[in-house]
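Q: Following this line is protein-v1.tsv, made up of TSV, C-alpha atoms and all ligand atoms:
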```tsv
chain	number	residue	atom	x	y	z
A	1	MET	CA	30.06	14.55	-4.03
A	2	SER	CA	27.39	16.41	-5.96
A	3	GLU	CA	26.26	20.00	-5.51
A	4	ASN	CA	22.49	20.68	-5.31
A	5	VAL	CA	22.74	23.66	-7.58
A	6	ILE	CA	25.61	25.36	-9.34
A	7	ILE	CA	25.05	28.87	-10.63
A	8	ILE	CA	27.31	29.96	-13.48
A	9	GLY	CA	27.92	33.74	-13.51
A	10	SER	CA	27.99	36.57	-10.98
A	11	GLY	CA	25.90	39.30	-12.64
A	12	PRO	CA	22.54	40.37	-11.20
A	13	ALA	CA	20.91	37.14	-12.45
A	14	GLY	CA	23.48	34.81	-10.88
A	15	LEU	CA	23.76	36.69	-7.59
A	16	THR	CA	19.97	36.86	-7.17
A	17	ALA	CA	19.66	33.16	-7.99
A	18	ALA	CA	22.31	32.51	-5.32
A	19	LEU	CA	20.36	34.55	-2.75
A	20	TYR	CA	17.08	32.73	-3.41
A	21	ALA	CA	18.70	29.30	-3.57
A	22	ALA	CA	20.57	29.99	-0.31
A	23	ARG	CA	17.40	31.12	1.47
A	24	ALA	CA	15.74	27.91	0.24
A	25	ASN	CA	18.50	26.01	2.07
A	26	LEU	CA	19.98	24.58	-1.11
A	27	ASP	CA	23.56	25.46	-0.18
A	28	PRO	CA	24.26	26.84	-3.68
A	29	LEU	CA	27.69	27.21	-5.26
A	30	LEU	CA	28.16	30.19	-7.57
A	31	ILE	CA	31.07	30.20	-10.00
A	32	SER	CA	31.70	33.88	-10.66
A	33	GLY	CA	33.39	33.92	-14.05
A	34	ASN	CA	36.27	36.21	-14.93
A	35	GLU	CA	34.19	39.38	-14.57
A	36	PHE	CA	32.76	39.53	-11.06
A	37	GLY	CA	29.46	41.44	-11.02
A	38	GLY	CA	28.94	41.12	-14.77
A	39	GLN	CA	28.12	44.06	-17.01
A	40	ILE	CA	26.50	46.22	-14.36
A	41	ALA	CA	29.86	46.32	-12.57
A	42	LEU	CA	31.13	48.23	-15.62
A	43	THR	CA	29.03	51.30	-14.87
A	44	ASN	CA	29.41	54.01	-12.30
A	45	GLU	CA	25.81	55.20	-12.37
A	46	VAL	CA	22.87	52.94	-11.67
A	47	GLU	CA	19.85	55.16	-11.17
A	48	ASN	CA	17.08	52.74	-12.04
A	49	TYR	CA	17.64	49.83	-9.68
A	50	PRO	CA	14.78	50.04	-7.12
A	51	GLY	CA	15.76	50.72	-3.53
A	52	PHE	CA	18.54	53.22	-4.26
A	53	PRO	CA	16.89	56.64	-4.66
A	54	ASP	CA	20.27	58.38	-4.81
A	55	GLY	CA	21.69	55.85	-7.26
A	56	ILE	CA	24.53	53.41	-6.65
A	57	THR	CA	27.63	52.37	-8.54
A	58	GLY	CA	27.54	49.04	-10.34
A	59	PRO	CA	30.45	47.53	-8.35
A	60	GLU	CA	28.80	48.55	-5.06
A	61	LEU	CA	25.46	47.08	-6.10
A	62	THR	CA	26.93	43.71	-7.02
A	63	GLU	CA	29.11	43.63	-3.89
A	64	LEU	CA	25.96	44.15	-1.79
A	65	MET	CA	24.17	41.40	-3.73
A	66	LYS	CA	27.09	39.05	-3.04
A	67	GLN	CA	27.11	39.90	0.68
A	68	GLN	CA	23.37	39.28	0.89
A	69	ALA	CA	23.66	35.88	-0.84
A	70	GLU	CA	26.65	34.86	1.32
A	71	LYS	CA	24.83	35.89	4.49
A	72	PHE	CA	22.35	33.07	3.79
A	73	GLY	CA	25.03	30.52	2.98
A	74	ALA	CA	25.77	30.86	-0.74
A	75	ARG	CA	29.36	29.98	-1.63
A	76	VAL	CA	31.08	32.11	-4.26
A	77	GLU	CA	34.02	30.62	-6.12
A	78	GLN	CA	36.24	32.83	-8.31
A	79	ASP	CA	36.66	30.63	-11.34
A	80	HIS	CA	35.44	30.31	-14.93
A	81	VAL	CA	33.55	27.31	-16.29
A	82	SER	CA	35.37	25.95	-19.33
A	83	ARG	CA	33.29	22.83	-20.13
A	84	VAL	CA	29.92	21.40	-19.21
A	85	ASP	CA	28.42	17.97	-19.78
A	86	PHE	CA	24.65	17.91	-19.58
A	87	SER	CA	24.35	14.50	-21.28
A	88	LYS	CA	24.45	12.58	-17.99
A	89	HIS	CA	22.88	13.34	-14.62
A	90	PRO	CA	24.37	14.53	-12.26
A	91	PHE	CA	25.85	17.10	-14.66
A	92	THR	CA	29.59	17.75	-14.83
A	93	LEU	CA	31.30	21.15	-14.94
A	94	ASP	CA	35.03	21.75	-15.44
A	95	THR	CA	36.72	25.04	-14.69
A	96	GLU	CA	39.76	27.00	-15.85
A	97	ASN	CA	41.40	26.45	-12.44
A	98	GLY	CA	41.19	22.69	-12.98
A	99	ALA	CA	38.27	21.93	-10.65
A	100	ARG	CA	35.56	19.40	-11.57
A	101	TYR	CA	32.10	19.66	-10.08
A	102	ASN	CA	29.04	17.46	-10.23
A	103	ALA	CA	25.66	19.13	-9.94
A	104	GLN	CA	22.07	17.98	-9.56
A	105	SER	CA	20.91	21.22	-11.16
A	106	VAL	CA	22.54	24.16	-12.95
A	107	ILE	CA	21.46	27.76	-13.40
A	108	ILE	CA	23.15	29.40	-16.37
A	109	ALA	CA	23.58	33.13	-15.74
A	110	THR	CA	26.50	33.77	-18.08
A	111	GLY	CA	24.98	36.99	-19.45
A	112	ALA	CA	26.49	38.85	-22.36
A	113	SER	CA	29.69	40.64	-23.42
A	114	PRO	CA	30.22	43.89	-25.30
A	115	ARG	CA	30.31	43.69	-29.07
A	116	ARG	CA	33.46	44.91	-30.75
A	117	LEU	CA	33.51	47.28	-33.71
A	118	GLY	CA	35.62	44.89	-35.74
A	119	VAL	CA	37.67	47.65	-37.40
A	120	PRO	CA	41.44	47.87	-37.94
A	121	GLY	CA	43.28	49.15	-34.88
A	122	GLU	CA	40.64	48.05	-32.38
A	123	LEU	CA	42.32	44.91	-31.07
A	124	GLU	CA	45.87	46.32	-31.13
A	125	LEU	CA	44.82	49.47	-29.26
A	126	THR	CA	42.51	47.84	-26.69
A	127	GLY	CA	43.78	48.97	-23.30
A	128	ARG	CA	45.78	51.70	-25.09
A	129	GLY	CA	42.90	54.06	-25.66
A	130	VAL	CA	40.19	51.63	-26.80
A	131	SER	CA	37.89	50.65	-23.93
A	132	TYR	CA	34.51	49.05	-23.25
A	133	CYS	CA	34.27	50.37	-19.68
A	134	ALA	CA	34.13	54.08	-18.84
A	135	THR	CA	34.01	53.32	-15.11
A	136	CYS	CA	37.25	51.39	-15.34
A	137	ASP	CA	39.16	53.67	-17.69
A	138	GLY	CA	37.51	57.12	-17.74
A	139	PHE	CA	39.95	58.49	-15.19
A	140	PHE	CA	42.88	58.05	-17.59
A	141	PHE	CA	41.35	60.62	-19.96
A	142	ARG	CA	41.36	63.66	-17.71
A	143	GLY	CA	41.59	66.78	-19.88
A	144	LYS	CA	41.60	64.73	-23.11
A	145	ASP	CA	39.18	64.32	-26.01
A	146	VAL	CA	37.39	61.00	-26.29
A	147	ALA	CA	34.81	59.38	-28.55
A	148	VAL	CA	31.89	57.18	-27.56
A	149	ILE	CA	30.50	54.89	-30.24
A	150	GLY	CA	26.77	54.09	-30.09
A	151	GLY	CA	23.37	55.70	-29.63
A	152	GLY	CA	21.66	53.63	-26.94
A	153	ASP	CA	21.31	53.98	-23.15
A	154	SER	CA	24.82	52.71	-22.40
A	155	ALA	CA	26.47	55.07	-24.91
A	156	LEU	CA	24.77	58.14	-23.46
A	157	GLN	CA	25.04	57.10	-19.82
A	158	GLU	CA	28.75	56.40	-20.17
A	159	GLY	CA	29.30	59.46	-22.39
A	160	LEU	CA	27.82	61.64	-19.63
A	161	PHE	CA	30.04	59.94	-17.07
A	162	LEU	CA	33.10	60.63	-19.22
A	163	THR	CA	32.37	64.39	-19.21
A	164	ARG	CA	33.63	64.35	-15.61
A	165	PHE	CA	37.13	63.71	-16.92
A	166	ALA	CA	37.39	64.44	-20.62
A	167	SER	CA	37.46	67.94	-22.10
A	168	GLN	CA	35.24	66.86	-25.00
A	169	VAL	CA	33.15	63.73	-25.59
A	170	HIS	CA	32.19	63.05	-29.22
A	171	ILE	CA	29.26	60.64	-29.47
A	172	ILE	CA	29.45	58.94	-32.84
A	173	HIS	CA	26.23	57.39	-34.02
A	174	ARG	CA	25.48	55.73	-37.33
A	175	ARG	CA	21.97	57.22	-37.45
A	176	SER	CA	20.56	60.72	-36.97
A	177	GLU	CA	18.33	59.67	-34.06
A	178	LEU	CA	19.21	58.15	-30.72
A	179	ARG	CA	17.71	54.97	-29.24
A	180	ALA	CA	18.47	56.02	-25.65
A	181	GLN	CA	15.84	56.93	-23.02
A	182	GLN	CA	14.53	60.50	-23.32
A	183	ILE	CA	15.96	61.59	-19.97
A	184	LEU	CA	19.48	60.59	-21.06
A	185	GLN	CA	19.04	62.29	-24.42
A	186	GLU	CA	18.05	65.54	-22.70
A	187	ARG	CA	21.00	65.42	-20.31
A	188	ALA	CA	23.42	64.71	-23.16
A	189	ARG	CA	22.05	67.50	-25.37
A	190	GLU	CA	22.31	69.98	-22.49
A	191	ASN	CA	25.89	69.03	-21.64
A	192	PRO	CA	28.34	71.49	-23.27
A	193	LYS	CA	31.12	68.89	-23.31
A	194	ILE	CA	29.11	66.52	-25.53
A	195	ASN	CA	29.27	66.80	-29.29
A	196	PHE	CA	27.19	64.51	-31.52
A	197	VAL	CA	28.60	63.20	-34.78
A	198	TRP	CA	25.57	61.89	-36.66
A	199	ASP	CA	25.24	59.35	-39.48
A	200	SER	CA	28.82	58.26	-39.04
A	201	VAL	CA	30.70	55.02	-38.57
A	202	VAL	CA	34.28	54.29	-37.59
A	203	GLN	CA	36.44	52.93	-40.40
A	204	ASP	CA	39.57	52.46	-38.40
A	205	ILE	CA	41.20	53.46	-35.14
A	206	ARG	CA	44.53	55.16	-35.58
A	207	GLY	CA	47.45	55.44	-33.23
A	208	ASN	CA	51.06	54.71	-32.69
A	209	GLY	CA	51.10	52.73	-29.41
A	210	THR	CA	48.09	54.69	-28.15
A	211	VAL	CA	44.97	56.02	-29.88
A	212	ASN	CA	45.31	59.43	-31.54
A	213	ALA	CA	42.49	59.57	-34.10
A	214	LEU	CA	39.45	57.91	-35.63
A	215	ALA	CA	38.84	57.61	-39.34
A	216	LEU	CA	35.14	58.26	-39.88
A	217	VAL	CA	32.84	57.92	-42.82
A	218	ASN	CA	29.46	59.61	-43.17
A	219	VAL	CA	27.00	56.89	-44.21
A	220	ARG	CA	24.72	59.37	-46.04
A	221	THR	CA	27.25	61.40	-48.00
A	222	GLY	CA	30.21	59.00	-48.09
A	223	ASP	CA	32.44	61.86	-46.85
A	224	LYS	CA	35.54	60.74	-44.96
A	225	SER	CA	37.09	62.61	-42.06
A	226	GLU	CA	39.59	62.18	-39.26
A	227	LEU	CA	38.66	62.98	-35.66
A	228	PRO	CA	41.59	63.47	-33.25
A	229	VAL	CA	40.84	61.69	-29.93
A	230	ASN	CA	42.88	59.95	-27.25
A	231	GLY	CA	40.21	57.47	-26.17
A	232	VAL	CA	37.40	55.44	-27.76
A	233	PHE	CA	34.62	53.87	-25.71
A	234	VAL	CA	32.56	51.32	-27.60
A	235	TYR	CA	28.87	50.75	-26.69
A	236	ILE	CA	27.27	49.09	-29.69
A	237	GLY	CA	25.49	46.17	-28.05
A	238	HIS	CA	26.25	42.73	-26.77
A	239	TYR	CA	26.40	39.04	-27.66
A	240	PRO	CA	25.37	36.25	-25.27
A	241	ASN	CA	28.06	34.18	-23.54
A	242	THR	CA	26.67	30.81	-24.58
A	243	ASP	CA	29.39	29.19	-26.71
A	244	LEU	CA	30.00	26.80	-23.83
A	245	PHE	CA	26.57	25.25	-24.36
A	246	LYS	CA	26.68	24.83	-28.14
A	247	GLY	CA	25.55	21.36	-29.19
A	248	GLN	CA	24.00	20.71	-25.77
A	249	LEU	CA	21.28	23.34	-25.43
A	250	GLU	CA	18.96	24.96	-27.92
A	251	MET	CA	19.71	28.55	-28.90
A	252	ASN	CA	18.50	31.01	-31.51
A	253	ASP	CA	20.57	32.27	-34.44
A	254	GLU	CA	22.19	34.96	-32.30
A	255	GLY	CA	23.16	32.46	-29.59
A	256	TYR	CA	20.53	33.36	-26.98
A	257	LEU	CA	19.43	30.24	-25.09
A	258	LYS	CA	15.92	28.99	-25.65
A	259	VAL	CA	13.89	28.54	-22.46
A	260	ASP	CA	10.23	28.07	-21.62
A	261	GLU	CA	8.25	30.58	-19.55
A	262	ARG	CA	9.66	29.01	-16.38
A	263	LEU	CA	13.24	29.31	-17.63
A	264	HIS	CA	13.69	25.56	-18.19
A	265	THR	CA	16.00	24.57	-21.02
A	266	LYS	CA	15.20	21.34	-22.81
A	267	ILE	CA	17.34	19.46	-20.29
A	268	PRO	CA	15.49	18.91	-17.00
A	269	GLY	CA	17.47	20.49	-14.17
A	270	VAL	CA	19.26	23.04	-16.38
A	271	PHE	CA	17.82	26.55	-16.20
A	272	ALA	CA	18.87	29.86	-17.75
A	273	ALA	CA	18.46	33.30	-16.20
A	274	GLY	CA	19.24	36.79	-17.50
A	275	GLU	CA	20.92	38.00	-20.65
A	276	ALA	CA	22.07	34.52	-21.64
A	277	HIS	CA	18.46	34.14	-22.87
A	278	ASP	CA	16.87	37.61	-22.54
A	279	HIS	CA	17.51	39.58	-25.70
A	280	VAL	CA	14.66	42.01	-25.12
A	281	PHE	CA	14.85	43.88	-21.83
A	282	LYS	CA	18.57	43.90	-20.91
A	283	GLN	CA	18.24	45.59	-17.54
A	284	ALA	CA	19.76	44.62	-14.20
A	285	ILE	CA	16.38	44.42	-12.46
A	286	VAL	CA	15.04	42.12	-15.18
A	287	SER	CA	18.04	39.80	-14.92
A	288	ALA	CA	17.69	39.80	-11.12
A	289	GLY	CA	14.03	38.82	-11.54
A	290	PHE	CA	14.98	35.97	-13.86
A	291	GLY	CA	17.58	34.84	-11.30
A	292	CYS	CA	14.87	34.64	-8.66
A	293	MET	CA	12.59	32.65	-10.99
A	294	ALA	CA	15.31	30.19	-11.96
A	295	ALA	CA	16.24	29.53	-8.31
A	296	MET	CA	12.60	28.88	-7.43
A	297	GLU	CA	12.30	26.46	-10.33
A	298	ALA	CA	15.57	24.74	-9.35
A	299	GLU	CA	14.18	24.29	-5.84
A	300	LYS	CA	11.03	22.66	-7.21
A	301	PHE	CA	13.11	20.46	-9.53
A	302	LEU	CA	15.29	19.26	-6.62
A	303	ALA	CA	12.19	18.40	-4.56
A	304	ASP	CA	10.74	16.41	-7.49
A	305	LEU	CA	14.12	14.74	-8.03
A	306	GLU	CA	14.14	13.46	-4.46
A	307	HIS	CA	10.71	11.90	-4.82
A	308	GLU	CA	10.65	10.75	-8.44
A	309	GLY	CA	14.27	10.35	-9.60
A	310	TYR	CA	15.83	11.82	-12.76
A	311	ALA	CA	14.64	9.13	-15.16
A	312	ALA	CA	10.98	9.77	-14.31
A	313	ILE	CA	11.39	13.55	-14.57
A	314	SER	CA	13.10	13.20	-17.97
A	315	GLU	CA	10.40	10.84	-19.14
A	316	ASN	CA	7.66	13.32	-18.13
A	317	ALA	CA	9.53	16.23	-19.74
A	318	SER	CA	9.72	14.44	-23.08
A	319	HIS	CA	5.89	14.17	-23.29
B	401	LIG	C1	27.99	50.13	-19.49
B	401	LIG	C2	26.70	49.52	-19.06
B	401	LIG	C3	25.82	50.26	-18.28
B	401	LIG	C4	24.62	49.69	-17.85
B	401	LIG	N1	23.78	50.44	-17.06
B	401	LIG	C5	22.63	49.87	-16.60
B	401	LIG	C6	21.76	50.58	-15.72
B	401	LIG	O1	22.02	51.74	-15.36
B	401	LIG	N2	20.65	49.95	-15.27
B	401	LIG	C7	20.33	48.68	-15.63
B	401	LIG	O2	19.32	48.15	-15.16
B	401	LIG	N3	21.14	47.97	-16.45
B	401	LIG	C8	22.27	48.54	-16.95
B	401	LIG	N4	23.08	47.83	-17.80
B	401	LIG	C9	22.65	46.48	-18.21
B	401	LIG	C10	22.97	45.46	-17.11
B	401	LIG	O3	24.32	45.57	-16.77
B	401	LIG	C11	22.63	44.06	-17.57
B	401	LIG	O4	21.27	44.01	-17.93
B	401	LIG	C12	22.89	43.02	-16.48
B	401	LIG	O5	24.19	43.12	-15.97
B	401	LIG	C13	22.69	41.60	-17.02
B	401	LIG	O6	22.86	40.74	-15.95
B	401	LIG	P1	23.15	39.17	-16.15
B	401	LIG	O7	23.35	38.65	-14.77
B	401	LIG	O8	22.08	38.58	-16.98
B	401	LIG	O9	24.49	39.06	-16.99
B	401	LIG	P2	25.92	39.77	-16.91
B	401	LIG	O10	25.84	41.02	-16.13
B	401	LIG	O11	26.40	39.82	-18.31
B	401	LIG	O12	26.80	38.76	-16.06
B	401	LIG	C14	27.28	37.57	-16.62
B	401	LIG	C15	28.22	36.90	-15.64
B	401	LIG	O13	28.52	35.59	-16.13
B	401	LIG	C16	29.91	35.38	-15.99
B	401	LIG	N5	30.31	34.34	-16.94
B	401	LIG	C17	30.28	34.36	-18.30
B	401	LIG	N6	30.76	33.21	-18.79
B	401	LIG	C18	31.09	32.43	-17.73
B	401	LIG	C19	31.66	31.13	-17.57
B	401	LIG	N7	31.97	30.37	-18.63
B	401	LIG	N8	31.89	30.66	-16.32
B	401	LIG	C20	31.56	31.40	-15.23
B	401	LIG	N9	31.00	32.64	-15.32
B	401	LIG	C21	30.80	33.14	-16.56
B	401	LIG	C22	30.54	36.74	-16.23
B	401	LIG	O14	31.86	36.78	-15.67
B	401	LIG	C23	29.55	37.61	-15.45
B	401	LIG	O15	29.87	37.61	-14.09
B	401	LIG	C24	24.29	48.37	-18.24
B	401	LIG	C25	25.18	47.63	-19.01
B	401	LIG	C26	26.39	48.19	-19.43
B	401	LIG	C27	27.33	47.37	-20.26
```
Please go through the file and, once you have read it, give me the structure as structure tokens.
A:
Amino acid sequence: MSENVIIIGSGPAGLTAALYAARANLDPLLISGNEFGGQIALTNEVENYPGFPDGITGPELTELMKQQAEKFGARVEQDHVSRVDFSKHPFTLDTENGARYNAQSVIIATGASPRRLGVPGELELTGRGVSYCATCDGFFFRGKDVAVIGGGDSALQEGLFLTRFASQVHIIHRRSELRAQQILQERARENPKINFVWDSVVQDIRGNGTVNALALVNVRTGDKSELPVNGVFVYIGHYPNTDLFKGQLEMNDEGYLKVDERLHTKIPGVFAAGEAHDHVFKQAIVSAGFGCMAAMEAEKFLADLEHEGYAAISENASH
């Protein structure tokens, strides 16, 4: 048995693709991945997703997206795709739980994952003071001092969230200017619990079982210092989750998938939506929009497939 369309990933791109594919009567199957909801589920404050004037938490937003897709017949499977074969049609997908699926079309919505600092102490102390998710772990730092690494939207947004719990939030940025939106910069500057440490990078994370300090170096002066903290939240960007497709799909040097303006990869019937290919906008609404586009293109592909067959579509695509 072959699925019409399998959607890989349950972030805003995947869940929106599932909604549109379900409403087009394609009976889509979405394989959620190990992180249901994707990156947006890591934040407690989403203030810029249209339709929620009072804001919404990331987990709530993605749960609502799931409910909406399921209402129209999308099936959501909690599993992680471990192998794909796009060399033969129908395509084959294998999962960590040992399932094998065949699919007429595939929408890749595997998004991105947080970049690590890559300094000594980071791996050993992950989950023991080092975190990539303030929503998940902020509560553990009630009355404690924490550091946030980064200078973009996520760093400031999550730093502000952490002021609800922590007594002091040190935002450590390697430059002397922030990249974050102006509104977040103003809120952070006005917050008495936030302290900026400019022009500084982390050399190593120190602790004996749990984090107790950061070794910092000032990139302008070379001065070294130690900052006592109990928690470190890292927000220094992302890398795309596309290793699975290496050798089968085209990608740029950073691993972002190459697609045309209609989100087709070079393999007819395989589409990409969201941060697996978008390295520019990186917003939930943008990924949701790409999910919609990919589902509409998958629908058109499946209609063409019925009338023309895969060989003819492939032949046309190669011209
Ligand atoms: C802390 C933080 C705060 C943010 N705040 C905002 C905000 O306020 N507003 C905003 O618009 N954006 C915000 N963003 C950005 C937003 O989260 C992303 O733009 C959006 O989530 C990208 O959606 P996506 O669907 O493309 O990918 P992702 O959200 O990255 O989702 C990818 C999905 O693919 C799954 N997956 C990966 N590999 C596999 C596999 N092999 N098999 C199956 N599934 C797989 C993952 O489990 C995940 O479910 C924030 C991001 C972070 C990290």
Q: Can you measure atom CA of Ser87 of chain A to atom CA of Glu254 of chain A for me? One decimal in Å is fine.
A: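 Taking atom CA of Ser87 of chain A and atom CA of Glu254 of chain A, their separation equals 23.3 Å.
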Q: With 10 Å as the threshold, what does the neighbourhood of (20.4, 30.7, -5.8) contain in terms of residues, counting only C-alpha atoms? Coordinates are those of the file; answer as a short mmCIF file (atom, residue, chain, number, x, y, z; two decimals) with C-alpha atoms, in the frame of the given file.
A:
```
data_model
loop_
_atom_site.label_atom_id
_atom_site.label_comp_id
_atom_site.auth_asym_id
_atom_site.auth_seq_id
_atom_site.Cartn_x
_atom_site.Cartn_y
_atom_site.Cartn_z
CA VAL A 5 22.74 23.66 -7.58
CA ILE A 6 25.61 25.36 -9.34
CA ILE A 7 25.05 28.87 -10.63
CA ALA A 13 20.91 37.14 -12.45
CA GLY A 14 23.48 34.81 -10.88
CA LEU A 15 23.76 36.69 -7.59
CA THR A 16 19.97 36.86 -7.17
CA ALA A 17 19.66 33.16 -7.99
CA ALA A 18 22.31 32.51 -5.32
CA LEU A 19 20.36 34.55 -2.75
CA TYR A 20 17.08 32.73 -3.41
CA ALA A 21 18.70 29.30 -3.57
CA ALA A 22 20.57 29.99 -0.31
CA ARG A 23 17.40 31.12 1.47
CA ALA A 24 15.74 27.91 0.24
CA ASN A 25 18.50 26.01 2.07
CA LEU A 26 19.98 24.58 -1.11
CA ASP A 27 23.56 25.46 -0.18
CA PRO A 28 24.26 26.84 -3.68
CA LEU A 29 27.69 27.21 -5.26
CA LEU A 30 28.16 30.19 -7.57
CA ALA A 69 23.66 35.88 -0.84
CA GLY A 73 25.03 30.52 2.98
CA ALA A 74 25.77 30.86 -0.74
CA ARG A 75 29.36 29.98 -1.63
CA VAL A 106 22.54 24.16 -12.95
CA ILE A 107 21.46 27.76 -13.40
CA GLY A 291 17.58 34.84 -11.30
CA CYS A 292 14.87 34.64 -8.66
CA MET A 293 12.59 32.65 -10.99
CA ALA A 294 15.31 30.19 -11.96
CA ALA A 295 16.24 29.53 -8.31
CA MET A 296 12.60 28.88 -7.43
CA ALA A 298 15.57 24.74 -9.35
CA GLU A 299 14.18 24.29 -5.84
#
```
Q: Set the cut-off to 6 Å, count only C-alpha atoms and all ligand atoms, and list whatever residues fall near ligand LIG 401 (chain B) as an NGL selection string.
A: :A and (8-14 or 31-40 or 42-43 or 45-49 or 80-82 or 109-112 or 154 or 241 or 274-275 or 282-285 or 287)
Q: Mind pulling up the distance from atom CA of Asn252 of chain A to atom CA of Asp79 of chain A?
A: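 Calculated distance between atom CA of Asp79 of chain A and atom CA of Asn252 of chain A is 27.1 Å.
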Q: Residues near Gly150 of chain A, anyone? I mean within 10 Å using all atoms listed in the file, not counting same-chain ones fewer than 3 positions away, as a list in words.
A: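 Once the nearby chain positions are removed, what remains is Ala147, Asp153, Ser154, Ala155, Leu156, Gly159, Ile171, Ile172, His173, Arg174, Arg175, Leu178, Arg179, Ala180, Val201, Phe233, Val234, Tyr235, Ile236 and Gly237 of chain A.
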Q: Just the number, please: distance in Å from atom CA of Gly269 of chain A to atom CA of Phe301 of chain A, one decimal.
A: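 Interatomic distance here is 6.4 Å.
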Q: Extract, using all atoms listed in the file, all DNA, RNA and protein residues at most 12 Å from Asp304 of chain A, discarding same-chain residues fewer than 2 positions from it, and format them as a ChimeraX atom specification.
A: /A:104-105,268-269,297-302,306-314,316
Q: Which protein, DNA or RNA residues are at most 8 Å from (24.9, 60.5, -42.0) in the file's coordinates when you count all atoms listed in the file, listed as JSON, numbers by chain?
A: {"A": [174, 175, 176, 198, 199, 200, 218, 219, 220, 221]}
Q: Could the residues in this selection be written to a file with C-alpha atoms, as a JSON list (two decimals), in the coordinates of the input?
A:
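Resulting contents of out_6.json:
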```json
[["chain", "number", "residue", "atom", "x", "y", "z"],
["A", 174, "ARG", "CA", 25.48, 55.73, -37.33],
["A", 175, "ARG", "CA", 21.97, 57.22, -37.45],
["A", 176, "SER", "CA", 20.56, 60.72, -36.97],
["A", 198, "TRP", "CA", 25.57, 61.89, -36.66],
["A", 199, "ASP", "CA", 25.24, 59.35, -39.48],
["A", 200, "SER", "CA", 28.82, 58.26, -39.04],
["A", 218, "ASN", "CA", 29.46, 59.61, -43.17],
["A", 219, "VAL", "CA", 27.00, 56.89, -44.21],
["A", 220, "ARG", "CA", 24.72, 59.37, -46.04],
["A", 221, "THR", "CA", 27.25, 61.40, -48.00]]
```
Q: Name the closest residue to Val232 of chain A among the candidates A:Pro192, A:Gly209, A:Gly118, A:Gly127; distances are taken between atoms, counting only C-alpha atoms.
A: A:Gly127
Q: Give the answer as one residue: which of A:Leu216, A:Lys66, A:Ala317, A:Arg116 has the shortest atom-to-atom distance to Thr265 of chain A, using all atoms listed in the file?
A: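 Answer, going by the shortest atom-to-atom distance: A:Ala317.
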Q: Closest to Asn212 of chain A among A:Leu93, A:Ile56, A:Cys136, A:Leu125, using all atoms listed in the file?
A: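 Checking each candidate against Asn212 of chain A, we get A:Leu125 as the closest.
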Q: Just the residues within 8 Å of Thr92 of chain A, please, counting all atoms listed in the file, with nothing from its chain fewer than 6 positions along; format it as a PyMOL selection string.
A: chain A and resi 84-86+100-103
Q: Ranking A:Ala166, A:Val211, A:Val130, A:Leu263 by minimum distance to Ile194 of chain A and counting all atoms listed in the file, which one comes first?
A: A:Ala166
Q: Residues at most 9 Å from Gly138 of chain A, counting only C-alpha atoms, excluding those fewer than 5 positions away in the same chain, as a list in words?
A: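 What passes the distance filter is Ser131, Cys133, Phe161, Leu162, Arg164, Phe165, Ala166 and Gly231 of chain A.
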Q: Restricting the calculation to all atoms listed in the file: of A:Val146, A:Leu244, A:Gly289, A:Phe271, which residue gets closest to Asp94 of chain A?
A: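 Using all atoms listed in the file, the shortest distance to Asp94 of chain A belongs to A:Leu244.
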Q: Residues within 12 Å of Asn208 of chain A, please, as a list in words. Count all atoms listed in the file; anything in the same chain fewer than 5 positions from it doesn't count.
A: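 Non-adjacent residues within range: Gly121, Glu124, Leu125, Arg128, Gly129, Ala213 and Asn230 of chain A.
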Q: Could you save those same residues with C-alpha atoms as a PDB file, keeping the file's coordinate frame?
A:
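Written file, again_18.pdb:
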```pdb
ATOM      1  CA  GLY A 121      43.280  49.150 -34.880  1.00  0.00           C
ATOM      2  CA  GLU A 124      45.870  46.320 -31.130  1.00  0.00           C
ATOM      3  CA  LEU A 125      44.820  49.470 -29.260  1.00  0.00           C
ATOM      4  CA  ARG A 128      45.780  51.700 -25.090  1.00  0.00           C
ATOM      5  CA  GLY A 129      42.900  54.060 -25.660  1.00  0.00           C
ATOM      6  CA  ALA A 213      42.490  59.570 -34.100  1.00  0.00           C
ATOM      7  CA  ASN A 230      42.880  59.950 -27.250  1.00  0.00           C
TER       8      ASN A 230
END
```
